[in-house]
Structure formats: structure tokens, C-alpha cells
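Peer 1: See structure-v3.cif below, with mmCIF, N, CA and C atoms and all ligand atoms.
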data_input
#
loop_
_atom_site.label_atom_id
_atom_site.label_comp_id
_atom_site.auth_asym_id
_atom_site.auth_seq_id
_atom_site.Cartn_x
_atom_site.Cartn_y
_atom_site.Cartn_z
N MET A 22 0.84 -1.22 0.00
CA MET A 22 0.00 0.00 0.00
C MET A 22 0.87 1.26 0.00
N ALA A 23 1.89 1.28 0.93
CA ALA A 23 2.79 2.44 1.01
C ALA A 23 3.55 2.59 -0.31
N GLU A 24 3.92 1.43 -0.89
CA GLU A 24 4.66 1.44 -2.17
C GLU A 24 3.83 2.09 -3.27
N MET A 25 2.52 1.76 -3.29
CA MET A 25 1.61 2.32 -4.28
C MET A 25 1.55 3.84 -4.16
N ALA A 26 1.48 4.32 -2.88
CA ALA A 26 1.38 5.77 -2.65
C ALA A 26 2.63 6.46 -3.17
N ILE A 27 3.82 5.85 -2.91
CA ILE A 27 5.07 6.45 -3.39
C ILE A 27 5.07 6.51 -4.91
N LYS A 28 4.65 5.41 -5.54
CA LYS A 28 4.65 5.35 -7.00
C LYS A 28 3.76 6.44 -7.58
N LYS A 29 2.60 6.68 -6.93
CA LYS A 29 1.65 7.68 -7.44
C LYS A 29 2.23 9.08 -7.34
N ARG A 30 3.05 9.34 -6.28
CA ARG A 30 3.57 10.70 -6.08
C ARG A 30 4.79 11.00 -6.95
N ARG A 31 5.32 10.00 -7.64
CA ARG A 31 6.52 10.23 -8.45
C ARG A 31 6.20 11.17 -9.62
N PRO A 32 7.08 12.19 -9.86
CA PRO A 32 6.78 13.10 -10.97
C PRO A 32 6.98 12.40 -12.31
N LYS A 33 6.13 12.76 -13.27
CA LYS A 33 6.23 12.16 -14.59
C LYS A 33 6.54 13.26 -15.59
N ASN A 34 7.51 13.01 -16.48
CA ASN A 34 7.78 13.96 -17.55
C ASN A 34 7.91 13.16 -18.84
N LEU A 35 6.88 13.27 -19.67
CA LEU A 35 6.89 12.50 -20.91
C LEU A 35 7.36 13.34 -22.10
N ASP A 36 7.79 14.60 -21.80
CA ASP A 36 8.27 15.46 -22.86
C ASP A 36 9.77 15.20 -23.04
N LEU A 37 10.10 14.17 -23.84
CA LEU A 37 11.47 13.67 -23.91
C LEU A 37 12.53 14.73 -24.26
N PRO A 38 12.24 15.66 -25.22
CA PRO A 38 13.31 16.62 -25.56
C PRO A 38 13.72 17.53 -24.39
N THR A 39 12.88 17.64 -23.35
CA THR A 39 13.24 18.53 -22.23
C THR A 39 14.08 17.80 -21.18
N ILE A 40 14.29 16.49 -21.35
CA ILE A 40 15.08 15.75 -20.36
C ILE A 40 16.56 15.90 -20.68
N ARG A 41 17.33 16.40 -19.68
CA ARG A 41 18.78 16.56 -19.91
C ARG A 41 19.47 15.30 -19.41
N LEU A 42 19.98 14.53 -20.36
CA LEU A 42 20.58 13.24 -20.00
C LEU A 42 22.00 13.47 -19.46
N PRO A 43 22.36 12.86 -18.32
CA PRO A 43 23.74 12.99 -17.84
C PRO A 43 24.70 12.20 -18.75
N LEU A 44 26.01 12.49 -18.64
CA LEU A 44 27.00 11.86 -19.53
C LEU A 44 26.93 10.33 -19.51
N PRO A 45 26.81 9.68 -18.32
CA PRO A 45 26.71 8.20 -18.35
C PRO A 45 25.49 7.71 -19.13
N GLY A 46 24.42 8.53 -19.16
CA GLY A 46 23.21 8.16 -19.91
C GLY A 46 23.47 8.23 -21.41
N ILE A 47 24.17 9.31 -21.82
CA ILE A 47 24.50 9.45 -23.25
C ILE A 47 25.42 8.30 -23.67
N LEU A 48 26.39 7.98 -22.79
CA LEU A 48 27.32 6.87 -23.07
C LEU A 48 26.56 5.56 -23.26
N SER A 49 25.56 5.35 -22.38
CA SER A 49 24.79 4.12 -22.42
C SER A 49 24.01 3.99 -23.74
N ILE A 50 23.35 5.11 -24.14
CA ILE A 50 22.59 5.06 -25.39
C ILE A 50 23.52 4.81 -26.58
N LEU A 51 24.68 5.49 -26.57
CA LEU A 51 25.63 5.29 -27.67
C LEU A 51 26.19 3.87 -27.68
N HIS A 52 26.30 3.26 -26.49
CA HIS A 52 26.78 1.88 -26.43
C HIS A 52 25.79 0.95 -27.12
N ARG A 53 24.51 1.20 -26.88
CA ARG A 53 23.47 0.37 -27.51
C ARG A 53 23.44 0.61 -29.02
N ILE A 54 23.46 1.90 -29.42
CA ILE A 54 23.41 2.22 -30.86
C ILE A 54 24.65 1.64 -31.56
N SER A 55 25.84 1.79 -30.92
CA SER A 55 27.06 1.30 -31.58
C SER A 55 27.05 -0.22 -31.68
N GLY A 56 26.55 -0.91 -30.64
CA GLY A 56 26.45 -2.38 -30.67
C GLY A 56 25.57 -2.83 -31.82
N ALA A 57 24.42 -2.16 -31.97
CA ALA A 57 23.49 -2.54 -33.05
C ALA A 57 24.11 -2.22 -34.42
N ALA A 58 24.78 -1.05 -34.52
CA ALA A 58 25.38 -0.66 -35.82
C ALA A 58 26.50 -1.62 -36.21
N ILE A 59 27.33 -2.00 -35.24
CA ILE A 59 28.43 -2.94 -35.55
C ILE A 59 27.82 -4.27 -36.01
N PHE A 60 26.80 -4.71 -35.29
CA PHE A 60 26.15 -5.98 -35.63
C PHE A 60 25.59 -5.95 -37.06
N LEU A 61 24.92 -4.83 -37.40
CA LEU A 61 24.27 -4.75 -38.71
C LEU A 61 25.28 -4.54 -39.85
N LEU A 62 26.36 -3.79 -39.55
CA LEU A 62 27.29 -3.44 -40.64
C LEU A 62 28.43 -4.44 -40.81
N LEU A 63 28.61 -5.31 -39.83
CA LEU A 63 29.72 -6.28 -39.92
C LEU A 63 29.65 -7.14 -41.19
N PRO A 64 28.49 -7.69 -41.57
CA PRO A 64 28.43 -8.49 -42.80
C PRO A 64 28.80 -7.66 -44.03
N VAL A 65 28.37 -6.38 -44.07
CA VAL A 65 28.68 -5.52 -45.22
C VAL A 65 30.19 -5.31 -45.30
N LEU A 66 30.83 -5.03 -44.14
CA LEU A 66 32.27 -4.80 -44.13
C LEU A 66 33.02 -6.06 -44.55
N LEU A 67 32.59 -7.22 -44.05
CA LEU A 67 33.26 -8.48 -44.41
C LEU A 67 33.11 -8.76 -45.91
N TRP A 68 31.90 -8.47 -46.45
CA TRP A 68 31.66 -8.69 -47.86
C TRP A 68 32.55 -7.76 -48.70
N LEU A 69 32.65 -6.48 -48.29
CA LEU A 69 33.50 -5.53 -49.01
C LEU A 69 34.95 -5.99 -48.97
N PHE A 70 35.38 -6.44 -47.78
CA PHE A 70 36.77 -6.88 -47.60
C PHE A 70 37.05 -8.10 -48.48
N GLN A 71 36.11 -9.06 -48.46
CA GLN A 71 36.30 -10.28 -49.24
C GLN A 71 36.33 -9.97 -50.74
N SER A 72 35.39 -9.11 -51.19
CA SER A 72 35.38 -8.83 -52.63
C SER A 72 36.61 -8.02 -53.03
N SER A 73 37.16 -7.23 -52.09
CA SER A 73 38.37 -6.47 -52.44
C SER A 73 39.55 -7.40 -52.69
N LEU A 74 39.51 -8.60 -52.08
CA LEU A 74 40.65 -9.51 -52.21
C LEU A 74 40.50 -10.50 -53.36
N SER A 75 39.35 -10.46 -54.08
CA SER A 75 39.14 -11.50 -55.08
C SER A 75 39.98 -11.31 -56.35
N SER A 76 40.40 -10.07 -56.68
CA SER A 76 41.29 -9.87 -57.84
C SER A 76 41.99 -8.52 -57.68
N PRO A 77 43.10 -8.32 -58.43
CA PRO A 77 43.80 -7.03 -58.34
C PRO A 77 42.90 -5.86 -58.76
N GLU A 78 41.99 -6.13 -59.73
CA GLU A 78 41.11 -5.06 -60.21
C GLU A 78 40.13 -4.63 -59.11
N THR A 79 39.54 -5.64 -58.43
CA THR A 79 38.58 -5.28 -57.37
C THR A 79 39.31 -4.58 -56.22
N PHE A 80 40.57 -4.97 -55.99
CA PHE A 80 41.35 -4.32 -54.92
C PHE A 80 41.58 -2.85 -55.28
N ALA A 81 41.90 -2.60 -56.57
CA ALA A 81 42.13 -1.22 -57.02
C ALA A 81 40.84 -0.40 -56.88
N THR A 82 39.70 -1.01 -57.23
CA THR A 82 38.41 -0.30 -57.09
C THR A 82 38.15 0.00 -55.61
N PHE A 83 38.42 -1.00 -54.77
CA PHE A 83 38.21 -0.84 -53.32
C PHE A 83 39.04 0.33 -52.79
N ARG A 84 40.31 0.39 -53.21
CA ARG A 84 41.20 1.46 -52.74
C ARG A 84 40.68 2.82 -53.18
N GLU A 85 40.15 2.84 -54.42
CA GLU A 85 39.63 4.10 -54.95
C GLU A 85 38.42 4.57 -54.13
N VAL A 86 37.53 3.60 -53.84
CA VAL A 86 36.31 3.94 -53.08
C VAL A 86 36.70 4.41 -51.68
N VAL A 87 37.61 3.68 -51.03
CA VAL A 87 38.01 4.03 -49.66
C VAL A 87 38.77 5.35 -49.64
N GLY A 88 39.37 5.73 -50.79
CA GLY A 88 40.12 6.98 -50.87
C GLY A 88 39.21 8.21 -50.90
N HIS A 89 37.91 8.02 -51.17
CA HIS A 89 36.99 9.15 -51.23
C HIS A 89 36.79 9.74 -49.83
N PRO A 90 36.91 11.08 -49.70
CA PRO A 90 36.81 11.70 -48.36
C PRO A 90 35.53 11.34 -47.60
N LEU A 91 34.40 11.27 -48.32
CA LEU A 91 33.13 10.95 -47.63
C LEU A 91 33.16 9.53 -47.05
N VAL A 92 33.71 8.59 -47.86
CA VAL A 92 33.80 7.20 -47.40
C VAL A 92 34.73 7.12 -46.18
N ARG A 93 35.81 7.91 -46.23
CA ARG A 93 36.75 7.92 -45.10
C ARG A 93 36.08 8.42 -43.82
N ILE A 94 35.24 9.45 -43.98
CA ILE A 94 34.54 9.99 -42.80
C ILE A 94 33.60 8.94 -42.22
N VAL A 95 32.88 8.22 -43.14
CA VAL A 95 31.97 7.16 -42.67
C VAL A 95 32.78 6.07 -41.95
N LEU A 96 33.94 5.69 -42.52
CA LEU A 96 34.76 4.65 -41.91
C LEU A 96 35.31 5.12 -40.55
N LEU A 97 35.65 6.43 -40.48
CA LEU A 97 36.13 6.99 -39.21
C LEU A 97 35.03 6.89 -38.14
N GLY A 98 33.79 7.17 -38.58
CA GLY A 98 32.64 7.05 -37.68
C GLY A 98 32.48 5.61 -37.19
N LEU A 99 32.68 4.66 -38.13
CA LEU A 99 32.56 3.24 -37.75
C LEU A 99 33.65 2.83 -36.77
N ILE A 100 34.87 3.34 -36.99
CA ILE A 100 35.98 3.03 -36.07
C ILE A 100 35.62 3.59 -34.68
N TRP A 101 35.06 4.81 -34.67
CA TRP A 101 34.69 5.40 -33.38
C TRP A 101 33.59 4.56 -32.69
N PHE A 102 32.59 4.11 -33.49
CA PHE A 102 31.54 3.25 -32.93
C PHE A 102 32.16 2.04 -32.25
N TYR A 103 33.13 1.41 -32.95
CA TYR A 103 33.73 0.20 -32.37
C TYR A 103 34.53 0.55 -31.12
N MET A 104 35.33 1.62 -31.20
CA MET A 104 36.15 2.03 -30.05
C MET A 104 35.27 2.41 -28.85
N HIS A 105 34.18 3.12 -29.16
CA HIS A 105 33.26 3.51 -28.09
C HIS A 105 32.65 2.26 -27.45
N HIS A 106 32.18 1.33 -28.30
CA HIS A 106 31.55 0.12 -27.79
C HIS A 106 32.54 -0.69 -26.95
N PHE A 107 33.78 -0.76 -27.45
CA PHE A 107 34.82 -1.52 -26.76
C PHE A 107 35.13 -0.89 -25.38
N CYS A 108 35.41 0.43 -25.37
CA CYS A 108 35.79 1.10 -24.12
C CYS A 108 34.61 1.12 -23.13
N ALA A 109 33.40 1.44 -23.65
CA ALA A 109 32.23 1.46 -22.77
C ALA A 109 31.94 0.04 -22.27
N GLY A 110 32.20 -0.96 -23.13
CA GLY A 110 31.99 -2.36 -22.72
C GLY A 110 32.88 -2.73 -21.54
N ILE A 111 34.16 -2.30 -21.60
CA ILE A 111 35.07 -2.57 -20.48
C ILE A 111 34.55 -1.88 -19.21
N ARG A 112 34.04 -0.62 -19.37
CA ARG A 112 33.49 0.10 -18.22
C ARG A 112 32.31 -0.68 -17.62
N TYR A 113 31.43 -1.21 -18.51
CA TYR A 113 30.27 -1.96 -18.00
C TYR A 113 30.70 -3.24 -17.29
N LEU A 114 31.76 -3.88 -17.83
CA LEU A 114 32.23 -5.12 -17.18
C LEU A 114 32.77 -4.78 -15.78
N LEU A 115 33.46 -3.61 -15.66
CA LEU A 115 33.97 -3.19 -14.34
C LEU A 115 32.80 -2.85 -13.41
N LEU A 116 31.77 -2.19 -13.96
CA LEU A 116 30.58 -1.88 -13.14
C LEU A 116 29.92 -3.16 -12.65
N ASP A 117 29.90 -4.19 -13.55
CA ASP A 117 29.32 -5.49 -13.16
C ASP A 117 30.09 -6.11 -11.99
N LEU A 118 31.40 -5.75 -11.90
CA LEU A 118 32.22 -6.24 -10.78
C LEU A 118 32.15 -5.29 -9.58
N HIS A 119 31.21 -4.33 -9.65
CA HIS A 119 30.98 -3.31 -8.59
C HIS A 119 32.16 -2.38 -8.42
N LYS A 120 32.88 -2.14 -9.51
CA LYS A 120 34.01 -1.18 -9.45
C LYS A 120 33.51 0.15 -10.03
N GLY A 121 33.66 1.22 -9.25
CA GLY A 121 33.30 2.56 -9.74
C GLY A 121 31.82 2.79 -9.89
N VAL A 122 31.01 2.24 -8.97
CA VAL A 122 29.55 2.39 -9.12
C VAL A 122 29.01 3.67 -8.49
N ASP A 123 29.80 4.35 -7.65
CA ASP A 123 29.27 5.58 -7.05
C ASP A 123 29.21 6.68 -8.11
N LEU A 124 28.34 7.69 -7.86
CA LEU A 124 28.02 8.69 -8.88
C LEU A 124 29.26 9.38 -9.44
N GLU A 125 30.14 9.83 -8.54
CA GLU A 125 31.33 10.58 -8.97
C GLU A 125 32.21 9.72 -9.88
N SER A 126 32.48 8.46 -9.44
CA SER A 126 33.33 7.57 -10.25
C SER A 126 32.67 7.26 -11.59
N ALA A 127 31.33 7.07 -11.57
CA ALA A 127 30.62 6.73 -12.82
C ALA A 127 30.72 7.89 -13.81
N ARG A 128 30.62 9.13 -13.28
CA ARG A 128 30.75 10.29 -14.17
C ARG A 128 32.17 10.38 -14.73
N ARG A 129 33.16 10.14 -13.83
CA ARG A 129 34.55 10.24 -14.25
C ARG A 129 34.86 9.18 -15.32
N SER A 130 34.39 7.94 -15.08
CA SER A 130 34.72 6.87 -16.03
C SER A 130 34.05 7.11 -17.39
N SER A 131 32.87 7.79 -17.38
CA SER A 131 32.23 8.10 -18.68
C SER A 131 33.13 9.06 -19.46
N LYS A 132 33.68 10.07 -18.74
CA LYS A 132 34.56 11.02 -19.43
C LYS A 132 35.78 10.30 -19.98
N VAL A 133 36.32 9.35 -19.18
CA VAL A 133 37.50 8.60 -19.62
C VAL A 133 37.16 7.81 -20.89
N VAL A 134 35.97 7.17 -20.91
CA VAL A 134 35.56 6.37 -22.08
C VAL A 134 35.52 7.26 -23.33
N PHE A 135 34.89 8.46 -23.21
CA PHE A 135 34.82 9.34 -24.37
C PHE A 135 36.22 9.78 -24.81
N ALA A 136 37.05 10.18 -23.83
CA ALA A 136 38.40 10.67 -24.18
C ALA A 136 39.22 9.57 -24.85
N VAL A 137 39.23 8.36 -24.23
CA VAL A 137 40.06 7.27 -24.77
C VAL A 137 39.55 6.81 -26.13
N SER A 138 38.22 6.68 -26.27
CA SER A 138 37.70 6.17 -27.55
C SER A 138 37.95 7.16 -28.68
N ILE A 139 37.83 8.47 -28.39
CA ILE A 139 38.09 9.47 -29.44
C ILE A 139 39.59 9.48 -29.79
N ALA A 140 40.45 9.40 -28.75
CA ALA A 140 41.90 9.40 -29.02
C ALA A 140 42.28 8.17 -29.85
N LEU A 141 41.77 6.99 -29.49
CA LEU A 141 42.08 5.76 -30.25
C LEU A 141 41.58 5.86 -31.69
N THR A 142 40.38 6.45 -31.85
CA THR A 142 39.82 6.61 -33.21
C THR A 142 40.73 7.47 -34.07
N LEU A 143 41.22 8.58 -33.48
CA LEU A 143 42.08 9.48 -34.26
C LEU A 143 43.40 8.79 -34.61
N ILE A 144 43.96 8.03 -33.64
CA ILE A 144 45.23 7.35 -33.89
C ILE A 144 45.04 6.29 -34.98
N ILE A 145 44.00 5.43 -34.83
CA ILE A 145 43.78 4.36 -35.80
C ILE A 145 43.42 4.95 -37.17
N GLY A 146 42.56 5.98 -37.16
CA GLY A 146 42.16 6.63 -38.42
C GLY A 146 43.37 7.19 -39.15
N ALA A 147 44.26 7.85 -38.39
CA ALA A 147 45.45 8.44 -39.01
C ALA A 147 46.35 7.35 -39.60
N ARG A 148 46.43 6.21 -38.93
CA ARG A 148 47.34 5.14 -39.41
C ARG A 148 46.73 4.34 -40.55
N VAL A 149 45.41 4.09 -40.47
CA VAL A 149 44.78 3.18 -41.44
C VAL A 149 44.17 3.92 -42.63
N LEU A 150 43.55 5.06 -42.38
CA LEU A 150 42.79 5.71 -43.45
C LEU A 150 43.57 6.80 -44.18
N TRP A 151 44.54 7.43 -43.48
CA TRP A 151 45.26 8.53 -44.15
C TRP A 151 46.73 8.21 -44.35
C1 LIG B 1 31.53 -7.53 -33.29
C2 LIG B 1 31.62 -6.84 -32.19
C3 LIG B 1 30.46 -6.53 -31.27
C4 LIG B 1 29.12 -6.46 -31.51
C5 LIG B 1 28.38 -6.72 -32.82
C6 LIG B 1 28.47 -6.14 -30.25
C7 LIG B 1 27.10 -5.95 -30.08
C8 LIG B 1 26.49 -5.68 -28.89
C9 LIG B 1 25.09 -5.43 -28.71
C10 LIG B 1 24.04 -5.41 -29.83
C11 LIG B 1 24.88 -5.25 -27.39
C12 LIG B 1 23.53 -4.96 -26.71
C13 LIG B 1 23.46 -3.45 -26.45
C14 LIG B 1 22.18 -3.09 -25.73
O1 LIG B 1 21.11 -3.46 -26.22
O2 LIG B 1 22.25 -2.40 -24.71
C15 LIG B 1 26.14 -5.37 -26.71
C16 LIG B 1 26.31 -5.26 -25.36
C17 LIG B 1 27.53 -5.34 -24.73
N1 LIG B 1 28.76 -5.40 -25.33
FE1 LIG B 1 29.10 -5.67 -27.29
N2 LIG B 1 29.42 -6.01 -29.28
C18 LIG B 1 30.65 -6.23 -29.85
C19 LIG B 1 31.88 -6.16 -29.25
C20 LIG B 1 32.08 -5.96 -27.91
C21 LIG B 1 33.39 -5.91 -27.29
C22 LIG B 1 34.73 -6.04 -28.01
C23 LIG B 1 33.18 -5.72 -25.97
C24 LIG B 1 34.27 -5.67 -24.95
C25 LIG B 1 34.50 -4.73 -24.20
C26 LIG B 1 31.72 -5.66 -25.74
C27 LIG B 1 31.09 -5.49 -24.54
C28 LIG B 1 29.72 -5.44 -24.34
C29 LIG B 1 29.07 -5.40 -23.04
C30 LIG B 1 29.74 -5.43 -21.69
C31 LIG B 1 27.70 -5.33 -23.28
C32 LIG B 1 26.55 -5.29 -22.24
C33 LIG B 1 26.33 -3.86 -21.79
C34 LIG B 1 25.23 -3.78 -20.74
O3 LIG B 1 25.40 -4.32 -19.64
O4 LIG B 1 24.21 -3.13 -21.03
N3 LIG B 1 31.10 -5.80 -26.95
N4 LIG B 1 27.10 -5.64 -27.64
#
Could you rewrite the structure in this file as C-alpha cells?

Peer 2:
Amino acid sequence: MAEMAIKKRRPKNLDLPTIRLPLPGILSILHRISGAAIFLLLPVLLWLFQSSLSSPETFATFREVVGHPLVRIVLLGLIWFYMHHFCAGIRYLLLDLHKGVDLESARRSSKVVFAVSIALTLIIGARVLW
């Protein structure tokens, strides 16, 4: 009965654009989006990679396509998705072990995930794409 009363008194805000999500919340949503994107795009990437290796001509075409600035930006985005998913995944595994679960540590580790994943993306992008 007391539980019901508490539930009834809880404020409700269904106007989603007015909700300011904290950094760990943004990280969490991006982790889900990146996981789904990697899952969906992995077959396409494997197919592109396999067809690039089937003959010297297809490899030359592949290099030409990947050399286009727009394609490079998309690939950079994909690298960031993977790096974000990887770094945030490690953070979640640590949270599952009850490491860094207090608010301050959770906020700090979200900042670390963004900083490390962006730095890794730039390093890998510079080495692989440019
Ligand atoms: C091919 C690579 C990968 C794919 C396709 C993938 C895909 C996904 C998807 C779809 C989810 C569910 C997200 C959600 O609905 O919230 C997920 C969750 C998760 N992934 Fe990955 N993932 C990949 C690689 C990795 C790697 C390398 C790590 C290592 C750090 C990782 C760690 C995690 C963790 C810990 C969760 C659960 C997060 C939670 O507790 O909510 N994943 N992954």
C-alpha cells in the first residue's frame, strides 16, 4: 500500500526533448546504438573486404572507393563506434564487478571512455585511413 502511494507521487515527464541526459546516460545510449550498428554493418564490411581480395582489379576499385573523403569519414565514424563500444563495454564489465559504481566515479569513467575512444579513433584513423 505504502509502495503504491510512493509510485503515485513520483513526478512524470513524458516530454522527452526537455530531459537533460547525464554523460553516463549518453554513453549508455551510444553503447546500444554502436552495438546494433556494428552488428548490422559487420556483414557488409566483411563482404566488401572479401570482394576487395578477389582480384587485383577489385582491390584497385576498393582502394579508390576508400580513398573518397566521404567514405573515409563514414569509416572513421565506424571506427569510433567500435572504439566507443569496446571502451564502454570494459566500463560496463567493471561496473558489473561493482568497481566505480558511485556517482562521482561513474561520471569520471564516462569522461575517460569518451576521451580514450576518441583518441584511439584518431590514432587508428590516421594510421589506417590517411
Ligand atoms: C563484433 C563486435 C560486437 C558487436 C556486434 C556487439 C554488439 C552488442 C550489442 C548489440 C549489445 C547490446 C546493447 C544493448 O542493447 O544495450 C552489446 C552489449 C555489450 N557489449 Fe558488445 N558487441 C561487440 C563487441 C564488444 C566488445 C569487443 C566488448 C568488450 C569490451 C563488448 C562489450 C559489451 C558489453 C559489456 C555489453 C553489455 C552492456 C550492458 O550491460 O548493457 N562488446 N554488444

Peer 1: Of the residues A:Ser55, A:Ser130, A:Asn34, A:Thr79, which is the one nearest to ligand LIG 1 (chain B), using only N, CA and C atoms and all ligand atoms?

Peer 2: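 Using only N, CA and C atoms and all ligand atoms, ligand LIG 1 (chain B) sits closest to A:Ser55.
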
Peer 1: Neighbouring residues of stretch 109-118 of chain A were defined as those with any atom within 8 Å, considering only N, CA and C atoms; residues of the same chain fewer than 6 positions away were excluded. Please report them as an NGL selection string.

Peer 2: :A and (48-49 or 52 or 103 or 130-131 or 133-135 or 138)

Peer 1: Please produce an output containing N, CA and C atoms for each residue in the selection, written as an mmCIF file, in the coordinates of the input.

Peer 2:
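selection_9.cif, written as the output of this step:
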data_model
loop_
_atom_site.group_PDB
_atom_site.id
_atom_site.type_symbol
_atom_site.label_atom_id
_atom_site.label_comp_id
_atom_site.auth_asym_id
_atom_site.auth_seq_id
_atom_site.Cartn_x
_atom_site.Cartn_y
_atom_site.Cartn_z
ATOM 1 N N LEU A 48 26.390 7.980 -22.790
ATOM 2 C CA LEU A 48 27.320 6.870 -23.070
ATOM 3 C C LEU A 48 26.560 5.560 -23.260
ATOM 4 N N SER A 49 25.560 5.350 -22.380
ATOM 5 C CA SER A 49 24.790 4.120 -22.420
ATOM 6 C C SER A 49 24.010 3.990 -23.740
ATOM 7 N N HIS A 52 26.300 3.260 -26.490
ATOM 8 C CA HIS A 52 26.780 1.880 -26.430
ATOM 9 C C HIS A 52 25.790 0.950 -27.120
ATOM 10 N N TYR A 103 33.130 1.410 -32.950
ATOM 11 C CA TYR A 103 33.730 0.200 -32.370
ATOM 12 C C TYR A 103 34.530 0.550 -31.120
ATOM 13 N N SER A 130 34.390 7.940 -15.080
ATOM 14 C CA SER A 130 34.720 6.870 -16.030
ATOM 15 C C SER A 130 34.050 7.110 -17.390
ATOM 16 N N SER A 131 32.870 7.790 -17.380
ATOM 17 C CA SER A 131 32.230 8.100 -18.680
ATOM 18 C C SER A 131 33.130 9.060 -19.460
ATOM 19 N N VAL A 133 36.320 9.350 -19.180
ATOM 20 C CA VAL A 133 37.500 8.600 -19.620
ATOM 21 C C VAL A 133 37.160 7.810 -20.890
ATOM 22 N N VAL A 134 35.970 7.170 -20.910
ATOM 23 C CA VAL A 134 35.560 6.370 -22.080
ATOM 24 C C VAL A 134 35.520 7.260 -23.330
ATOM 25 N N PHE A 135 34.890 8.460 -23.210
ATOM 26 C CA PHE A 135 34.820 9.340 -24.370
ATOM 27 C C PHE A 135 36.220 9.780 -24.810
ATOM 28 N N SER A 138 38.220 6.680 -26.270
ATOM 29 C CA SER A 138 37.700 6.170 -27.550
ATOM 30 C C SER A 138 37.950 7.160 -28.680
#

Peer 1: Which residue, A:Arg41, A:His89, A:Arg30, A:His105, has the smallest gap to ligand LIG 1 (chain B) when you use only N, CA and C atoms and all ligand atoms?

Peer 2: A:His105

Peer 1: What does the distance between atom CA of A:Pro45 and atom C2 of ligand LIG 1 (chain B) come to in Å, to one decimal place?

Peer 2: 21.0 Å

Peer 1: Could you jot down the atom CA of A:Lys33 to atom CA of A:Gly121 separation for me, Å, one decimal place?

Peer 2: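 Value for the atom CA of A:Lys33-atom CA of A:Gly121 distance: 29.1 Å.
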
Peer 1: What does the distance from atom C13 of ligand LIG 1 (chain B) to atom CA of A:Phe107 come to in Å, to one decimal?

Peer 2: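 Taking atom C13 of ligand LIG 1 (chain B) as the start and atom CA of A:Phe107 as the end point, the length is 11.5 Å.
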
Peer 1: Considering only C-alpha atoms, can you say which of A:Ala147, A:Leu51, A:Val137, A:Leu63 comes closest to A:Arg93?

Peer 2: A:Ala147

Peer 1: According to DSSP computed on the backbone, where in chain A is there helix (DSSP H, G or I)? Give the residues as a PyMOL selection string.

Peer 2: chain A and resi 23-30+37-39+44-73+77-88+90-117+124-149

Peer 1: Let me make sure I understand: among A:Ile59, A:Leu150, A:Ile94, A:Leu37, which one has the smallest atom-to-atom distance to ligand LIG 1 (chain B) if we use all atoms listed in the file?

Peer 2: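 Residue with the minimum atom-to-atom distance to ligand LIG 1 (chain B): A:Ile59.
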
Peer 1: Point out the residue among A:Cys108, A:Val87, A:Leu67, A:Ile40 with the least atom-to-atom distance to ligand LIG 1 (chain B), counting only N, CA and C atoms and all ligand atoms.

Peer 2: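 Comparing A:Cys108, A:Val87, A:Leu67, A:Ile40 against ligand LIG 1 (chain B), the winner is A:Cys108.
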
Peer 1: Write out as a PyMOL selection string each polymer residue whose atoms come within 8 Å of A:Phe83, counting all atoms listed in the file; drop sequence neighbours fewer than 6 positions from it.

Peer 2: chain A and resi 69+72-74+77+89
